[in-house]
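Chemist: Below are the structure tokens for one structure; questions will follow.
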Amino acid sequence: MGDFVAYWASHQDKFMAALGEHLVIVGVVLAWSLAVAALVTLAIRRSRRVEGAVLQVLGALYSVPSLALFSLLIPLTGLGLTSATIVMVAYNQFLLVRNIVEGLNGVDPGVVEAATGMGMSPMQVLLRVELPLAFPVIMAGIRLAAISTIGIATIAATINAGGLGTILFSGLRTMNVYKIVDGTVLCAAVALVADVVLKGIEKLVTKRISR
């Protein structure tokens, strides 16, 4: 164990730079993913048939290996972060749209009717009634998307997207056990911390909503 800590200490700058890149990638991808998922949900939520069809397409896309999608995009957008971001945003749509739709559809229709009867517009009903009630389900999707993004971002290093994957794959190429172990520990730590932070945000917001 001491050897791994010593290796980390002697290469701390490289590890921290890769960690910073990874966090930026995850943050950018999640921001774009949420924006796209919100637009997709608004476009499909008025028709259950359309919802089902879109979720089936997104589910099929989610089942395709990330490396295959990276390979398809490289001729169009080249190597690097652009291709990686497009693929990860596309992957996240199934997790996010599915949970947003399930959360909104799970809201009691009577509550929606009451809000409409009070004179609220459809957008006000969505923002003030449906989204707060659906928040726990939506947040579960965000947590899944965050953890999925952290993992896929590691694989994205194969197309020069940067991040912690550069350390892992460099370790695999050179059979450097220290890089492999330290990089793996960092990836796992990022996923655990992200899950804890998002759970904390969920509890905090849920408490405020319930007041």
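The way I read the labels, and the way they are meant: chains A, B, ... in the order of the structure tokens, residue 1 as the first residue of every chain, and ligand 1 as the first ligand shown, with later ones counted on from there.
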Taking only range 41-207 of chain A into account, list the residues labelled alpha helix (DSSP H) by DSSP (computed from the backbone), as a VMD selection string.
Modeler: chain A and resid 41 to 44 48 to 62 66 to 77 81 to 105 109 to 117 122 to 125 131 to 155 165 to 174 177 to 207
Chemist: Tell me, as a list in words, which residues lie within 12 Å of Leu39 in chain A, counting only C-alpha atoms; anything in the same chain fewer than 6 positions away does not count.
Modeler: Trp32, Ser33, Arg45, Gln93, Leu96, Val97, Ile100 and Val101 of chain A
Chemist: Can I get the selection written as an mmCIF file, in the first residue's frame, with C-alpha atoms?
Modeler:
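In the end it all went to selection.cif:
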data_model
loop_
_atom_site.group_PDB
_atom_site.id
_atom_site.type_symbol
_atom_site.label_atom_id
_atom_site.label_comp_id
_atom_site.auth_asym_id
_atom_site.auth_seq_id
_atom_site.Cartn_x
_atom_site.Cartn_y
_atom_site.Cartn_z
ATOM 1 C CA TRP A 32 -25.829 19.321 -21.843
ATOM 2 C CA SER A 33 -27.573 16.053 -21.020
ATOM 3 C CA ARG A 45 -44.880 14.091 -22.859
ATOM 4 C CA GLN A 93 -30.909 10.582 -22.575
ATOM 5 C CA LEU A 96 -32.769 11.056 -17.793
ATOM 6 C CA VAL A 97 -35.795 11.098 -20.113
ATOM 7 C CA ILE A 100 -38.333 12.522 -15.942
ATOM 8 C CA VAL A 101 -41.259 10.967 -17.822
#
Chemist: Between CA of Leu104 in chain A and CA of Leu131 in chain A, what is the distance, to one decimal in Å?
Modeler: 6.8 Å
Chemist: Neighbouring residues of Leu69 in chain A were defined as those with any atom within 10 Å, considering only C-alpha atoms; residues of the same chain fewer than 3 positions away were excluded. Please report them as an mmCIF file with N, CA, C and O atoms, in the first residue's frame.
Modeler:
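Wrote it out as part.cif, contents follow:
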data_model
loop_
_atom_site.group_PDB
_atom_site.id
_atom_site.type_symbol
_atom_site.label_atom_id
_atom_site.label_comp_id
_atom_site.auth_asym_id
_atom_site.auth_seq_id
_atom_site.Cartn_x
_atom_site.Cartn_y
_atom_site.Cartn_z
ATOM 1 N N LEU A 61 -30.373 2.692 -28.184
ATOM 2 C CA LEU A 61 -29.116 3.427 -28.300
ATOM 3 C C LEU A 61 -28.222 3.184 -27.089
ATOM 4 O O LEU A 61 -27.004 3.021 -27.215
ATOM 5 N N VAL A 64 -25.979 0.079 -27.144
ATOM 6 C CA VAL A 64 -24.834 0.014 -28.068
ATOM 7 C C VAL A 64 -23.553 0.332 -27.298
ATOM 8 O O VAL A 64 -23.507 1.306 -26.547
ATOM 9 N N PRO A 65 -22.497 -0.458 -27.444
ATOM 10 C CA PRO A 65 -21.232 -0.173 -26.738
ATOM 11 C C PRO A 65 -20.697 1.214 -27.085
ATOM 12 O O PRO A 65 -20.788 1.663 -28.235
ATOM 13 N N SER A 66 -20.161 1.882 -26.070
ATOM 14 C CA SER A 66 -19.674 3.255 -26.270
ATOM 15 C C SER A 66 -18.568 3.321 -27.308
ATOM 16 O O SER A 66 -18.499 4.274 -28.093
ATOM 17 N N LEU A 72 -18.148 5.459 -34.766
ATOM 18 C CA LEU A 72 -19.050 6.011 -35.780
ATOM 19 C C LEU A 72 -18.909 7.525 -35.902
ATOM 20 O O LEU A 72 -19.047 8.085 -36.988
ATOM 21 N N LEU A 73 -18.623 8.179 -34.782
ATOM 22 C CA LEU A 73 -18.563 9.643 -34.788
ATOM 23 C C LEU A 73 -17.211 10.197 -35.235
ATOM 24 O O LEU A 73 -17.135 11.322 -35.723
ATOM 25 N N ILE A 74 -16.155 9.431 -35.040
ATOM 26 C CA ILE A 74 -14.812 9.941 -35.352
ATOM 27 C C ILE A 74 -14.692 10.484 -36.783
ATOM 28 O O ILE A 74 -14.107 11.555 -36.990
ATOM 29 N N SER A 83 -16.458 14.457 -29.830
ATOM 30 C CA SER A 83 -17.072 13.152 -30.081
ATOM 31 C C SER A 83 -17.488 12.484 -28.776
ATOM 32 O O SER A 83 -18.577 11.900 -28.675
ATOM 33 N N ALA A 84 -16.626 12.569 -27.769
ATOM 34 C CA ALA A 84 -16.933 11.951 -26.480
ATOM 35 C C ALA A 84 -18.168 12.582 -25.848
ATOM 36 O O ALA A 84 -19.034 11.878 -25.314
ATOM 37 N N ILE A 86 -20.701 14.159 -27.338
ATOM 38 C CA ILE A 86 -21.915 13.794 -28.082
ATOM 39 C C ILE A 86 -22.393 12.401 -27.681
ATOM 40 O O ILE A 86 -23.586 12.180 -27.427
ATOM 41 N N VAL A 87 -21.462 11.463 -27.609
ATOM 42 C CA VAL A 87 -21.826 10.080 -27.253
ATOM 43 C C VAL A 87 -22.369 10.010 -25.831
ATOM 44 O O VAL A 87 -23.409 9.382 -25.579
ATOM 45 N N MET A 88 -21.713 10.659 -24.892
ATOM 46 C CA MET A 88 -22.158 10.587 -23.491
ATOM 47 C C MET A 88 -23.492 11.280 -23.279
ATOM 48 O O MET A 88 -24.342 10.812 -22.512
ATOM 49 N N ALA A 90 -25.811 11.505 -25.554
ATOM 50 C CA ALA A 90 -26.779 10.585 -26.155
ATOM 51 C C ALA A 90 -27.097 9.427 -25.218
ATOM 52 O O ALA A 90 -28.263 9.039 -25.053
ATOM 53 N N TYR A 91 -26.074 8.868 -24.578
ATOM 54 C CA TYR A 91 -26.279 7.776 -23.626
ATOM 55 C C TYR A 91 -27.168 8.208 -22.461
ATOM 56 O O TYR A 91 -28.047 7.466 -22.010
#
Chemist: Using only C-alpha atoms, which protein or nucleic acid residues come within 12 Å of His22 in chain A? Drop anything in the same chain fewer than 5 positions from it, and give the result as an MDAnalysis selection string.
Modeler: chainID A and resid 15:17 27:29 81 84:85 146 149:157 161:167 183 186:187 190:191
Chemist: For the residues in the current selection, export N, CA and C atoms as a compact mmCIF listing (two decimals), in the first residue's frame.
Modeler:
# COMPACT_ATOMS: atom_id res chain seq x y z
N PHE A 15 -1.77 13.32 -11.70
CA PHE A 15 -3.04 12.74 -11.26
C PHE A 15 -4.09 13.83 -11.05
N MET A 16 -3.69 14.93 -10.44
CA MET A 16 -4.65 16.01 -10.17
C MET A 16 -5.10 16.70 -11.46
N ALA A 17 -4.18 16.82 -12.42
CA ALA A 17 -4.56 17.40 -13.71
C ALA A 17 -5.57 16.52 -14.42
N GLY A 27 -18.98 17.39 -15.72
CA GLY A 27 -19.86 18.54 -15.50
C GLY A 27 -20.47 19.06 -16.79
N VAL A 28 -19.66 19.19 -17.83
CA VAL A 28 -20.15 19.68 -19.13
C VAL A 28 -21.16 18.70 -19.73
N VAL A 29 -20.85 17.41 -19.67
CA VAL A 29 -21.75 16.40 -20.24
C VAL A 29 -23.08 16.39 -19.50
N LEU A 81 -12.65 15.58 -27.38
CA LEU A 81 -13.76 15.78 -26.44
C LEU A 81 -15.11 15.95 -27.12
N ALA A 84 -16.63 12.57 -27.77
CA ALA A 84 -16.93 11.95 -26.48
C ALA A 84 -18.17 12.58 -25.85
N THR A 85 -18.27 13.91 -25.93
CA THR A 85 -19.41 14.60 -25.33
C THR A 85 -20.71 14.21 -26.02
N ALA A 146 -24.95 10.57 -13.80
CA ALA A 146 -23.65 11.06 -13.34
C ALA A 146 -22.66 9.91 -13.21
N THR A 149 -21.74 8.59 -16.62
CA THR A 149 -20.84 9.52 -17.31
C THR A 149 -19.42 9.40 -16.80
N ILE A 150 -19.27 9.24 -15.50
CA ILE A 150 -17.93 9.10 -14.91
C ILE A 150 -17.23 7.86 -15.50
N GLY A 151 -17.98 6.78 -15.65
CA GLY A 151 -17.40 5.56 -16.22
C GLY A 151 -17.09 5.67 -17.69
N ILE A 152 -18.04 6.19 -18.47
CA ILE A 152 -17.83 6.29 -19.91
C ILE A 152 -16.75 7.32 -20.24
N ALA A 153 -16.65 8.36 -19.42
CA ALA A 153 -15.61 9.36 -19.64
C ALA A 153 -14.22 8.74 -19.51
N THR A 154 -14.12 7.71 -18.69
CA THR A 154 -12.85 7.00 -18.57
C THR A 154 -12.50 6.29 -19.88
N ILE A 155 -13.52 5.63 -20.47
CA ILE A 155 -13.31 4.94 -21.75
C ILE A 155 -13.01 5.94 -22.87
N ALA A 156 -13.56 7.16 -22.74
CA ALA A 156 -13.37 8.18 -23.78
C ALA A 156 -11.92 8.59 -23.95
N ALA A 157 -11.08 8.22 -22.99
CA ALA A 157 -9.65 8.53 -23.15
C ALA A 157 -9.06 7.81 -24.35
N ALA A 161 -9.91 12.08 -25.31
CA ALA A 161 -10.80 13.04 -24.66
C ALA A 161 -10.23 13.54 -23.33
N GLY A 162 -9.16 12.91 -22.85
CA GLY A 162 -8.55 13.33 -21.60
C GLY A 162 -9.20 12.67 -20.39
N GLY A 163 -8.85 13.16 -19.21
CA GLY A 163 -9.44 12.64 -17.99
C GLY A 163 -8.65 11.50 -17.38
N LEU A 164 -9.24 10.86 -16.38
CA LEU A 164 -8.57 9.81 -15.64
C LEU A 164 -8.28 8.58 -16.50
N GLY A 165 -9.03 8.41 -17.56
CA GLY A 165 -8.79 7.27 -18.45
C GLY A 165 -7.40 7.29 -19.05
N THR A 166 -6.82 8.47 -19.22
CA THR A 166 -5.46 8.54 -19.77
C THR A 166 -4.46 7.84 -18.86
N ILE A 167 -4.68 7.97 -17.55
CA ILE A 167 -3.78 7.30 -16.60
C ILE A 167 -3.98 5.79 -16.65
N GLY A 183 -5.25 5.13 -10.58
CA GLY A 183 -6.28 5.66 -11.46
C GLY A 183 -7.64 5.07 -11.17
N LEU A 186 -9.05 6.58 -7.97
CA LEU A 186 -9.55 7.93 -8.21
C LEU A 186 -10.92 7.90 -8.89
N CYS A 187 -11.08 7.04 -9.90
CA CYS A 187 -12.36 6.93 -10.60
C CYS A 187 -13.47 6.51 -9.65
N VAL A 190 -14.34 9.39 -7.28
CA VAL A 190 -15.17 10.41 -7.94
C VAL A 190 -16.63 9.95 -8.00
N ALA A 191 -16.86 8.68 -8.36
CA ALA A 191 -18.22 8.15 -8.45
C ALA A 191 -18.90 8.16 -7.08
Chemist: Just how far from CA of Pro136 in chain A is CA of Arg208 in chain A, in Å to one decimal?
Modeler: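 That distance, rounded to one decimal, is 12.5 Å.
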Chemist: Between A:Leu79, A:Val129, A:Ala43, A:Val193, which has the minimum distance to Glu113 in chain A (counting only C-alpha atoms)?
Modeler: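 The answer is A:Val129, which sits nearest to Glu113 in chain A.
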